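Note: the block below is my_file.txt and it holds compact mmCIF, C-alpha atoms.
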# COMPACT_ATOMS: atom_id res chain seq x y z
CA MET A 1 121.66 85.66 130.39
CA SER A 2 121.26 82.13 131.66
CA GLU A 3 123.79 80.68 134.09
CA TRP A 4 126.97 79.00 133.00
CA PRO A 5 126.75 75.22 133.41
CA LEU A 6 127.61 73.61 136.73
CA TRP A 7 130.75 71.47 137.09
CA GLU A 8 131.71 69.05 139.82
CA VAL A 9 135.30 69.33 141.00
CA PHE A 10 137.47 66.41 142.09
CA VAL A 11 140.86 67.03 143.67
CA ARG A 12 143.70 64.59 144.31
CA PRO A 13 145.49 65.81 147.45
CA ARG A 14 148.73 64.05 146.54
CA ARG A 15 150.14 61.18 144.53
CA GLY A 16 149.02 57.79 145.75
CA LEU A 17 145.52 59.01 146.68
CA SER A 18 142.43 59.02 144.50
CA HIS A 19 140.59 62.14 143.39
CA GLN A 20 137.92 63.21 145.84
CA HIS A 21 134.87 65.37 145.35
CA ALA A 22 135.66 68.90 146.56
CA GLY A 23 132.55 70.83 145.48
CA SER A 24 131.06 72.46 142.43
CA LEU A 25 131.31 75.66 140.45
CA HIS A 26 129.99 77.44 137.36
CA ALA A 27 132.09 77.96 134.23
CA PRO A 28 131.36 78.48 130.54
CA ASP A 29 133.72 75.69 129.40
CA ALA A 30 135.96 72.92 130.66
CA GLU A 31 139.15 74.95 130.46
CA LEU A 32 137.80 77.80 132.57
CA ALA A 33 136.19 75.28 134.91
CA LEU A 34 139.68 73.88 135.56
CA ARG A 35 141.13 77.32 136.19
CA ASN A 36 138.25 78.30 138.46
CA ALA A 37 138.64 75.01 140.31
CA ARG A 38 142.31 75.74 140.85
CA ASP A 39 141.50 79.19 142.28
CA LEU A 40 138.57 77.98 144.35
CA TYR A 41 139.64 74.63 145.74
CA THR A 42 143.46 74.62 145.79
CA ARG A 43 144.47 78.02 147.21
CA ARG A 44 146.53 76.32 149.92
CA GLY A 45 148.12 73.49 148.03
CA GLU A 46 145.20 71.11 148.65
CA GLY A 47 145.83 69.27 145.40
CA GLU A 48 148.24 68.27 142.70
CA SER A 49 145.62 67.16 140.20
CA VAL A 50 142.09 68.36 139.45
CA TRP A 51 139.22 66.86 137.43
CA VAL A 52 136.12 68.78 136.37
CA VAL A 53 132.99 66.99 135.20
CA PRO A 54 129.76 68.60 133.94
CA SER A 55 127.25 68.00 136.75
CA ALA A 56 124.60 67.13 134.18
CA GLN A 57 126.72 64.15 133.08
CA ILE A 58 126.59 62.44 136.47
CA THR A 59 124.12 59.60 136.92
CA ALA A 60 123.35 58.91 140.57
CA SER A 61 121.53 56.16 142.41
CA SER A 62 118.30 57.28 143.98
CA PRO A 63 118.16 57.70 147.77
CA THR A 64 114.57 56.40 147.86
CA GLU A 65 115.66 53.12 146.28
CA LYS A 66 118.58 52.89 148.66
CA ASP A 67 117.42 49.78 150.49
CA PRO A 68 116.65 47.43 147.57
CA PHE A 69 119.56 48.81 145.53
CA PHE A 70 122.22 47.98 148.10
CA ALA A 71 120.42 45.04 149.69
CA PRO A 72 122.40 42.30 147.89
CA ALA A 73 125.49 43.34 149.86
CA ALA A 74 123.83 43.12 153.27
CA ASP A 75 123.00 39.41 153.47
CA LYS A 76 126.41 38.06 152.45
CA VAL A 77 128.16 38.13 155.77
CA TYR A 78 130.53 35.41 154.54
CA ARG A 79 132.25 38.09 152.46
CA HIS A 80 133.81 39.42 155.66
CA PRO A 81 136.77 37.68 157.34
CA THR A 82 135.09 37.95 160.76
CA PHE A 83 132.46 35.43 159.53
CA TYR A 84 134.95 32.58 159.91
CA SER A 85 135.99 31.04 163.18
CA VAL A 86 139.61 30.20 163.68
CA PRO A 87 140.95 27.89 166.38
CA GLU A 88 142.68 29.68 169.22
CA GLY A 89 146.38 30.22 168.79
CA VAL A 90 146.37 30.16 164.99
CA GLU A 91 148.19 33.26 163.76
CA HIS A 92 148.75 35.15 160.50
CA LEU A 93 145.33 34.15 159.18
CA MET B 1 100.80 63.47 155.37
CA ASP B 2 102.01 64.79 152.09
CA HIS B 3 105.14 66.90 152.50
CA THR B 4 104.74 68.46 149.06
CA THR B 5 101.64 70.37 150.14
CA ASP B 6 102.26 70.87 153.84
CA PRO B 7 105.57 72.72 154.22
CA VAL B 8 106.33 71.49 157.72
CA ALA B 9 105.12 67.90 157.28
CA GLU B 10 108.05 65.59 157.83
CA PRO B 11 108.83 62.48 155.82
CA ALA B 12 109.65 59.70 158.31
CA SER B 13 113.03 59.13 156.64
CA PHE B 14 113.97 62.75 157.43
CA ARG B 15 113.22 62.48 161.16
CA ALA B 16 115.09 59.16 161.27
CA LEU B 17 118.20 60.83 159.85
CA LEU B 18 118.01 63.65 162.41
CA GLU B 19 117.54 61.22 165.28
CA ALA B 20 120.54 59.19 164.17
CA ASP B 21 122.52 62.48 163.91
CA GLU B 22 123.21 61.63 160.29
CA ARG B 23 123.44 64.18 157.50
CA VAL B 24 120.60 65.00 155.14
CA GLU B 25 121.85 64.95 151.54
CA PRO B 26 120.46 66.84 148.52
CA ARG B 27 118.28 64.10 147.06
CA ASP B 28 116.81 62.97 150.38
CA GLU B 29 113.22 63.76 151.22
CA MET B 30 112.94 66.80 153.50
CA PRO B 31 110.18 69.14 154.68
CA GLU B 32 109.66 72.04 152.31
CA ALA B 33 110.09 74.47 155.22
CA TYR B 34 113.49 72.91 156.05
CA ARG B 35 114.58 73.38 152.45
CA ARG B 36 113.38 76.98 152.41
CA THR B 37 115.01 77.80 155.74
CA LEU B 38 118.32 76.43 154.49
CA VAL B 39 118.12 78.30 151.20
CA ARG B 40 117.48 81.52 153.09
CA GLN B 41 120.24 80.92 155.64
CA ILE B 42 122.91 79.66 153.21
CA ALA B 43 122.15 82.44 150.72
CA GLN B 44 122.33 85.08 153.44
CA HIS B 45 125.62 83.57 154.54
CA ALA B 46 126.96 83.58 150.96
CA HIS B 47 125.85 87.18 150.45
CA SER B 48 127.62 88.16 153.69
CA GLU B 49 130.87 86.66 152.41
CA ILE B 50 130.87 88.63 149.19
CA ILE B 51 129.55 91.90 150.64
CA GLY B 52 132.14 91.37 153.38
CA MET B 53 134.86 91.83 150.76
CA GLN B 54 134.05 95.53 150.56
CA PRO B 55 135.18 97.11 153.86
CA GLU B 56 138.57 95.42 153.64
CA GLY B 57 138.84 95.54 149.86
CA GLU B 58 138.87 99.33 150.16
CA TRP B 59 142.14 99.05 152.07
CA ILE B 60 144.11 96.79 149.71
CA GLN B 61 145.62 99.67 147.80
CA ARG B 62 146.30 101.62 150.99
CA ALA B 63 147.94 98.80 152.98
CA PRO B 64 151.05 100.14 154.75
CA SER B 65 153.47 97.49 153.47
CA LEU B 66 153.76 94.88 150.76
CA ARG B 67 153.48 92.14 153.40
CA ARG B 68 150.21 93.54 154.72
CA LYS B 69 148.93 94.07 151.21
CA ALA B 70 149.61 90.48 150.15
CA ILE B 71 147.91 89.20 153.32
CA LEU B 72 144.84 91.37 152.83
CA LEU B 73 144.57 90.40 149.18
CA ALA B 74 144.65 86.72 150.14
CA LYS B 75 142.02 87.27 152.81
CA VAL B 76 139.63 89.13 150.54
CA GLN B 77 140.13 86.43 147.89
CA ASP B 78 139.21 83.83 150.53
CA GLU B 79 135.96 85.69 151.24
CA ALA B 80 135.07 85.46 147.55
CA GLY B 81 135.87 81.74 147.69
CA HIS B 82 133.71 81.29 150.78
CA GLY B 83 130.83 82.97 149.00
CA LEU B 84 131.21 80.53 146.12
CA TYR B 85 131.34 77.44 148.36
CA LEU B 86 128.12 78.62 149.96
CA TYR B 87 126.31 79.49 146.72
CA ALA B 88 127.21 76.00 145.50
CA ALA B 89 125.80 74.49 148.71
CA ALA B 90 122.57 76.48 148.26
CA GLU B 91 122.29 75.30 144.66
CA THR B 92 122.07 71.68 145.82
CA LEU B 93 118.63 72.69 147.19
CA GLY B 94 117.30 73.45 143.73
CA VAL B 95 117.91 77.17 143.40
CA ASP B 96 120.08 78.95 140.88
CA ARG B 97 123.02 81.18 141.84
CA SER B 98 121.71 83.90 139.53
CA GLU B 99 118.35 83.86 141.36
CA LEU B 100 120.14 84.29 144.67
CA LEU B 101 122.27 87.16 143.40
CA ASP B 102 119.14 88.76 142.03
CA ALA B 103 117.47 88.43 145.45
CA LEU B 104 120.49 90.14 147.03
CA HIS B 105 120.57 92.91 144.46
CA THR B 106 116.87 93.66 144.83
CA GLY B 107 116.96 93.53 148.63
CA ARG B 108 114.74 90.42 148.93
CA GLN B 109 117.55 88.59 150.74
CA LYS B 110 119.80 90.06 153.40
CA TYR B 111 123.45 89.86 154.39
CA SER B 112 125.03 90.26 157.81
CA SER B 113 124.46 93.78 159.12
CA ILE B 114 128.05 94.01 160.34
CA PHE B 115 129.20 94.90 156.83
CA ASN B 116 127.12 98.05 156.84
CA TYR B 117 129.64 99.68 159.17
CA PRO B 118 132.55 101.69 157.73
CA ALA B 119 136.28 100.95 158.08
CA PRO B 120 137.68 104.49 158.34
CA THR B 121 141.26 103.63 159.39
CA TRP B 122 143.85 100.91 158.81
CA ALA B 123 143.27 99.74 162.38
CA ASP B 124 139.68 98.90 161.42
CA VAL B 125 141.09 96.23 159.11
CA GLY B 126 142.70 94.67 162.17
CA ALA B 127 139.57 95.01 164.28
CA ILE B 128 137.47 93.38 161.55
CA GLY B 129 139.84 90.42 161.35
CA TRP B 130 140.10 89.99 165.08
CA LEU B 131 136.51 90.71 166.18
CA VAL B 132 134.28 90.22 163.13
CA ASP B 133 136.06 87.10 161.86
CA GLY B 134 136.44 85.96 165.46
CA ALA B 135 132.68 86.20 166.02
CA ALA B 136 132.05 84.56 162.65
CA ILE B 137 134.24 81.60 163.65
CA VAL B 138 132.29 81.11 166.89
CA ASN B 139 129.07 81.12 164.86
CA GLN B 140 130.44 78.89 162.12
CA VAL B 141 132.23 76.12 163.99
CA PRO B 142 128.94 74.49 165.13
CA LEU B 143 127.65 74.77 161.54
CA CYS B 144 130.32 72.21 160.55
CA ARG B 145 127.94 69.72 162.24
CA CYS B 146 124.80 71.14 160.65
CA SER B 147 122.27 68.48 159.58
CA TYR B 148 122.46 69.44 155.90
CA GLY B 149 125.51 67.74 154.39
CA PRO B 150 126.56 70.20 151.66
CA TYR B 151 126.29 73.17 154.06
CA ALA B 152 128.27 71.36 156.76
CA ARG B 153 131.01 70.43 154.27
CA ALA B 154 131.28 73.98 152.98
CA MET B 155 131.61 75.17 156.58
CA VAL B 156 134.45 72.76 157.32
CA ARG B 157 136.41 74.25 154.45
CA ILE B 158 135.53 77.80 155.48
CA CYS B 159 136.45 77.31 159.14
CA LYS B 160 139.87 75.96 158.19
CA GLU B 161 140.52 79.13 156.24
CA GLU B 162 139.01 81.61 158.71
CA SER B 163 141.54 81.13 161.46
CA PHE B 164 144.21 82.83 159.36
CA HIS B 165 141.80 85.74 158.96
CA GLN B 166 141.41 86.21 162.67
CA ARG B 167 145.11 85.85 163.40
CA GLN B 168 146.21 88.37 160.81
CA GLY B 169 143.77 90.88 162.32
CA PHE B 170 145.07 90.22 165.81
CA GLU B 171 148.68 90.56 164.65
CA LEU B 172 147.91 93.80 162.82
CA LEU B 173 146.25 95.27 165.93
CA TYR B 174 149.07 94.03 168.14
CA ALA B 175 151.62 95.86 165.99
CA LEU B 176 149.60 99.08 166.22
CA ALA B 177 148.86 98.71 169.94
CA HIS B 178 152.60 98.36 170.59
CA GLY B 179 153.57 101.16 168.20
CA THR B 180 153.50 104.91 168.72
CA ASP B 181 150.91 106.57 170.96
CA GLU B 182 149.02 107.62 167.88
CA GLN B 183 148.98 104.07 166.50
CA HIS B 184 147.85 102.75 169.86
CA ARG B 185 145.02 105.26 169.92
CA MET B 186 144.02 104.31 166.40
CA ALA B 187 143.87 100.62 167.42
CA GLN B 188 141.80 101.45 170.51
CA GLU B 189 139.33 103.56 168.54
CA ALA B 190 138.83 100.81 166.00
CA VAL B 191 138.13 98.28 168.76
CA ASP B 192 135.69 100.76 170.32
CA ARG B 193 133.86 100.95 167.00
CA TRP B 194 133.65 97.21 166.32
CA TRP B 195 133.05 95.68 169.75
CA TRP B 196 129.30 96.18 170.07
CA PRO B 197 128.45 95.49 166.42
CA SER B 198 130.47 92.25 166.73
CA LEU B 199 128.37 91.17 169.72
CA MET B 200 125.25 91.81 167.65
CA MET B 201 126.50 89.43 164.96
CA PHE B 202 125.08 86.60 167.07
CA GLY B 203 121.59 87.90 166.44
CA PRO B 204 118.78 88.91 168.77
CA PRO B 205 118.63 87.55 172.33
CA ASP B 206 117.21 84.04 172.66
CA ASP B 207 113.79 85.15 173.87
CA ALA B 208 113.37 87.35 170.77
CA SER B 209 114.79 84.97 168.17
CA GLU B 210 111.90 83.81 165.97
CA HIS B 211 113.31 80.81 164.13
CA SER B 212 115.75 79.48 166.71
CA ALA B 213 113.69 76.67 168.24
CA ARG B 214 112.78 75.14 164.89
CA SER B 215 116.33 75.43 163.55
CA MET B 216 117.60 73.69 166.68
CA ASP B 217 115.06 70.90 166.26
CA TRP B 218 116.19 70.45 162.65
CA GLY B 219 119.85 70.32 163.62
CA ILE B 220 120.68 73.43 161.58
CA LYS B 221 121.54 75.35 164.71
CA ARG B 222 123.36 73.67 167.61
CA PHE B 223 123.66 76.45 170.18
CA SER B 224 121.51 79.48 170.98
CA ASN B 225 122.48 83.04 170.05
CA ASP B 226 123.18 83.97 173.67
CA GLU B 227 125.32 80.88 174.31
CA LEU B 228 127.50 81.67 171.30
CA ARG B 229 127.72 85.35 172.24
CA GLN B 230 128.91 84.40 175.73
CA ARG B 231 131.49 82.01 174.27
CA PHE B 232 132.83 84.81 172.09
CA VAL B 233 133.09 87.25 175.01
CA ASP B 234 134.91 84.67 177.14
CA MET B 235 137.42 84.01 174.37
CA THR B 236 137.96 87.63 173.48
CA VAL B 237 138.46 89.40 176.82
CA PRO B 238 141.86 87.75 177.54
CA GLN B 239 142.93 88.45 173.95
CA ALA B 240 142.14 92.16 174.45
CA GLU B 241 144.33 92.11 177.55
CA ALA B 242 147.16 90.58 175.52
CA LEU B 243 146.74 93.36 172.97
CA GLY B 244 146.90 95.99 175.69
CA LEU B 245 143.54 97.38 174.54
CA THR B 246 140.30 97.80 176.43
CA LEU B 247 136.81 96.74 175.40
CA PRO B 248 134.31 99.62 175.56
CA ASP B 249 132.00 98.18 178.20
CA PRO B 250 132.13 99.53 181.78
CA ASP B 251 130.03 96.57 182.98
CA LEU B 252 132.43 93.94 181.69
CA ARG B 253 133.74 91.89 184.62
CA TRP B 254 134.65 88.34 185.56
CA ASP B 255 131.78 86.48 187.18
CA ALA B 256 133.49 83.82 189.29
CA GLU B 257 130.21 82.14 190.14
CA ARG B 258 129.34 81.47 186.51
CA GLY B 259 132.95 81.07 185.41
CA SER B 260 132.22 83.57 182.62
CA TYR B 261 132.44 87.26 181.87
CA ALA B 262 129.37 89.36 182.57
CA PHE B 263 128.85 92.15 180.07
CA GLY B 264 126.65 95.22 179.66
CA GLU B 265 123.31 95.41 177.96
CA ILE B 266 123.34 95.41 174.17
CA ASP B 267 121.38 98.11 172.36
CA PHE B 268 119.48 95.88 169.98
CA SER B 269 117.44 98.77 168.65
CA GLU B 270 120.58 99.65 166.70
CA LEU B 271 120.77 96.14 165.22
CA TYR B 272 117.14 96.32 164.10
CA ARG B 273 117.71 99.75 162.62
CA VAL B 274 120.67 98.49 160.57
CA ILE B 275 118.73 95.37 159.48
CA ARG B 276 115.87 97.60 158.34
CA GLY B 277 118.31 99.38 156.05
CA ASP B 278 119.28 102.45 158.05
CA GLY B 279 122.84 101.46 158.91
CA PRO B 280 125.74 103.73 158.02
CA LEU B 281 126.43 102.14 154.62
CA ASN B 282 123.52 99.86 153.58
CA ARG B 283 122.82 101.72 150.35
CA GLN B 284 126.48 102.11 149.37
CA ARG B 285 127.31 98.44 149.94
CA LEU B 286 124.43 97.24 147.82
CA ALA B 287 125.00 99.83 145.10
CA HIS B 288 128.68 98.84 144.92
CA ARG B 289 127.75 95.17 144.63
CA VAL B 290 125.19 95.79 141.88
CA GLY B 291 127.68 98.01 140.06
CA ALA B 292 130.39 95.34 140.20
CA HIS B 293 127.94 92.76 138.83
CA GLU B 294 126.89 95.01 135.97
CA ASP B 295 130.47 96.03 135.19
CA GLY B 296 131.38 92.35 134.94
CA ALA B 297 128.63 91.55 132.43
CA TRP B 298 130.94 91.88 129.45
CA VAL B 299 133.31 89.25 130.90
CA ARG B 300 130.47 86.75 131.28
CA GLU B 301 129.19 87.52 127.80
CA ALA B 302 132.67 87.23 126.24
CA ALA B 303 133.29 83.86 127.92
CA ALA B 304 129.92 82.57 126.71
CA ALA B 305 130.53 83.85 123.17
CA TYR B 306 133.98 82.23 123.10
CA GLU B 307 132.57 78.87 124.16
CA GLU B 308 129.82 79.23 121.56
CA LYS B 309 132.41 79.87 118.85
CA ARG B 310 134.51 76.87 119.85
CA ARG B 311 131.48 74.64 119.96
CA ALA B 312 130.69 75.67 116.38
CA GLU B 313 134.30 74.93 115.38
CA ARG B 314 134.17 71.48 116.94
CA ALA B 315 130.93 70.74 115.09
CA VAL B 316 132.53 71.49 111.69
CA PRO B 317 136.04 69.98 111.60
CA ALA B 318 138.41 72.04 109.42
Would you mind writing the file's structure down as structure tokens?
Amino acid sequence: MSEWPLWEVFVRPRRGLSHQHAGSLHAPDAELALRNARDLYTRRGEGESVWVVPSAQITASSPTEKDPFFAPAADKVYRHPTFYSVPEGVEHL
Amino acid sequence: MDHTTDPVAEPASFRALLEADERVEPRDEMPEAYRRTLVRQIAQHAHSEIIGMQPEGEWIQRAPSLRRKAILLAKVQDEAGHGLYLYAAAETLGVDRSELLDALHTGRQKYSSIFNYPAPTWADVGAIGWLVDGAAIVNQVPLCRCSYGPYARAMVRICKEESFHQRQGFELLYALAHGTDEQHRMAQEAVDRWWWPSLMMFGPPDDASEHSARSMDWGIKRFSNDELRQRFVDMTVPQAEALGLTLPDPDLRWDAERGSYAFGEIDFSELYRVIRGDGPLNRQRLAHRVGAHEDGAWVREAAAAYEEKRRAERAVPA
């Protein structure tokens, strides 16, 4: 028998925080993936909400293209507040 | 150099990550030998977690109180969870969990030899928690900084959970050691049984450890076997004193010069014998594991059939 599909598990530790990737697991369907995720990743109250996503459904950027892909962000230093000079003594800015 | 044909050839990006002490992630380029070493190590670690459920699992139904039973159940469940975290980490390297289980079941991959020893009394459950989990923690804490990201993350989770395992074992032994004479004796005998095998959990001495240097260079291993073994001894001796139990080594003494405990020579021929398959319970442990897998086949088939049926129902709306 072939393996059950792989699911990625995202857990929200508590209200006010976003879901974070916790790990992965195998399950035959989404419902059992949720139950397995509860048993595997929240045995000590680590979460109050869980998402499961079929791993095959995730599209990821490629690590080999990392430089050109993220390059547009690197040369725009003026997006950061530290780019701007402020006269001494000016506060709340 | 082409790293797809030469297993140890290193892509420059890989060495750069190691030098920056950054983590290697699943889709990064890596030497084939690094990938294979990790698959072997993570799989062996995962197998150890699930085989490790057996010596203690045998005691769940014989636990002396409901409190102890609930604790042991939670611990054994954790071991199953640790196995799954680790199988998932290994799968990020392009292997399938079913392949790894098959390699375990057919003896192509190993698990830690410590689980080939029997747990004949309730005190052994305490000694396993205190000594075996204690040694495992010393081995595992540096793995939280291992160069391979998914393995390191799994280890962080595991280490957080292990400390309860060690403490419950210590508490269990403490209760026995401070109980009747017979209970005290039982605790002492269990410690006598598990002390030397626990020291062997750190592997062969440094000068006989084949893969150590390369694993250190790759940032998989951070400390040598002998360094970790010494750390474990130094931590454990004062704990034994607190328990009121002795460790079965006449050569064990404080070495003020080194600021460490000196200990007697380890009989590694025993370790090699157990690794070769001639430990007290190698055959039974594996047979039990294979049996459990086969007995569970109907559950896996039923779940797959159920999903198949529902998929068909979704395809044809009523």
Excluding segment 20-22 of chain A and its own-chain neighbours fewer than 3 positions away, which residues fall within 9 Å of it when counting only C-alpha atoms? Please give them as a count of residues only. 8
Quick check, in Å to one decimal: how far apart do atom CA of Gln109 of chain B and atom CA of His45 of chain B lie?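 Pair atom CA of Gln109 of chain B / atom CA of His45 of chain B returns 10.2 Å.
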Where's the centre, and what are the edge lengths in Å to one decimal, of a box along x, y and z enclosing all listed atoms of segment 286-292 of chain B padded 6 Å per side, as JSON?
{"center_x": 127.4, "center_y": 97.5, "center_z": 143.9, "size_x": 18.0, "size_y": 16.7, "size_z": 19.8}
12 Å contacts from chain A to chain B using only C-alpha atoms, as a ChimeraX atom specification: /A:1-9,21-33,36-44,46,55,60-66
How many Å lie between atom CA of Pro248 of chain B and atom CA of Trp195 of chain B, rounded to one decimal? 7.1 Å
Atom CA of Gln140 of chain B and atom CA of Gly94 of chain B, how far apart in Å?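 A separation of 23.2 Å between them.
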Quick one: residues within 10 Å of Val132 of chain B, all atoms listed in the file, excluding same-chain residues fewer than 2 positions away - as an mmCIF file with C-alpha atoms, in the coordinates of the input?
data_model
loop_
_atom_site.group_PDB
_atom_site.id
_atom_site.type_symbol
_atom_site.label_atom_id
_atom_site.label_comp_id
_atom_site.auth_asym_id
_atom_site.auth_seq_id
_atom_site.Cartn_x
_atom_site.Cartn_y
_atom_site.Cartn_z
ATOM 1 C CA ILE B 114 128.050 94.010 160.340
ATOM 2 C CA PHE B 115 129.200 94.900 156.830
ATOM 3 C CA VAL B 125 141.090 96.230 159.110
ATOM 4 C CA GLY B 126 142.700 94.670 162.170
ATOM 5 C CA ALA B 127 139.570 95.010 164.280
ATOM 6 C CA ILE B 128 137.470 93.380 161.550
ATOM 7 C CA GLY B 129 139.840 90.420 161.350
ATOM 8 C CA TRP B 130 140.100 89.990 165.080
ATOM 9 C CA GLY B 134 136.440 85.960 165.460
ATOM 10 C CA ALA B 135 132.680 86.200 166.020
ATOM 11 C CA ALA B 136 132.050 84.560 162.650
ATOM 12 C CA ILE B 137 134.240 81.600 163.650
ATOM 13 C CA HIS B 165 141.800 85.740 158.960
ATOM 14 C CA GLN B 166 141.410 86.210 162.670
ATOM 15 C CA GLY B 169 143.770 90.880 162.320
ATOM 16 C CA TRP B 194 133.650 97.210 166.320
ATOM 17 C CA TRP B 195 133.050 95.680 169.750
ATOM 18 C CA PRO B 197 128.450 95.490 166.420
ATOM 19 C CA SER B 198 130.470 92.250 166.730
ATOM 20 C CA LEU B 199 128.370 91.170 169.720
ATOM 21 C CA MET B 201 126.500 89.430 164.960
#
I need every residue sitting at most 9 Å from the point (130.6, 72.6, 161.7) (coordinates as in the file, only C-alpha atoms considered), written as a PDB file with C-alpha atoms, in the frame of the given file.
ATOM      1  CA  GLN B 140     130.440  78.890 162.120  1.00  0.00           C
ATOM      2  CA  VAL B 141     132.230  76.120 163.990  1.00  0.00           C
ATOM      3  CA  PRO B 142     128.940  74.490 165.130  1.00  0.00           C
ATOM      4  CA  LEU B 143     127.650  74.770 161.540  1.00  0.00           C
ATOM      5  CA  CYS B 144     130.320  72.210 160.550  1.00  0.00           C
ATOM      6  CA  ARG B 145     127.940  69.720 162.240  1.00  0.00           C
ATOM      7  CA  CYS B 146     124.800  71.140 160.650  1.00  0.00           C
ATOM      8  CA  TYR B 151     126.290  73.170 154.060  1.00  0.00           C
ATOM      9  CA  ALA B 152     128.270  71.360 156.760  1.00  0.00           C
ATOM     10  CA  ARG B 153     131.010  70.430 154.270  1.00  0.00           C
ATOM     11  CA  ALA B 154     131.280  73.980 152.980  1.00  0.00           C
ATOM     12  CA  MET B 155     131.610  75.170 156.580  1.00  0.00           C
ATOM     13  CA  VAL B 156     134.450  72.760 157.320  1.00  0.00           C
ATOM     14  CA  CYS B 159     136.450  77.310 159.140  1.00  0.00           C
TER      15      CYS B 159
END
Find the residues near segment 269-281 of chain B: any atom within 7 Å, counting only C-alpha atoms, skip ones fewer than 5 places away on the same chain, and give them as a list in words.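 Contacts, in chain order: Ser113, Asn116, Tyr117, Pro118 and Met200 of chain B.
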So, counting all atoms listed in the file, which residue among B:Asn225, B:Asn282, B:Gln188, B:Ser112 is closest to Ile42 of chain B?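 Once distances to Ile42 of chain B are computed over all atoms listed in the file, the minimum belongs to B:Ser112.
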Would you pick out the contacts of Leu93 of chain A at 12 Å or less, using only C-alpha atoms, so that residues sharing its chain but fewer than 4 positions from it are not included, and give the list as an MDAnalysis selection string? chainID A and resid 81:82 84:89
Report as a list in words all protein, DNA and RNA residues lying within 9 Å of Tyr261 of chain B, evaluated on all atoms listed in the file, omitting residues in the same chain fewer than 4 positions from it.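 The residues that qualify are Gln230, Val233, Asp234, Val237, Leu252, Arg253, Trp254, Asp255 and Ala256 of chain B.
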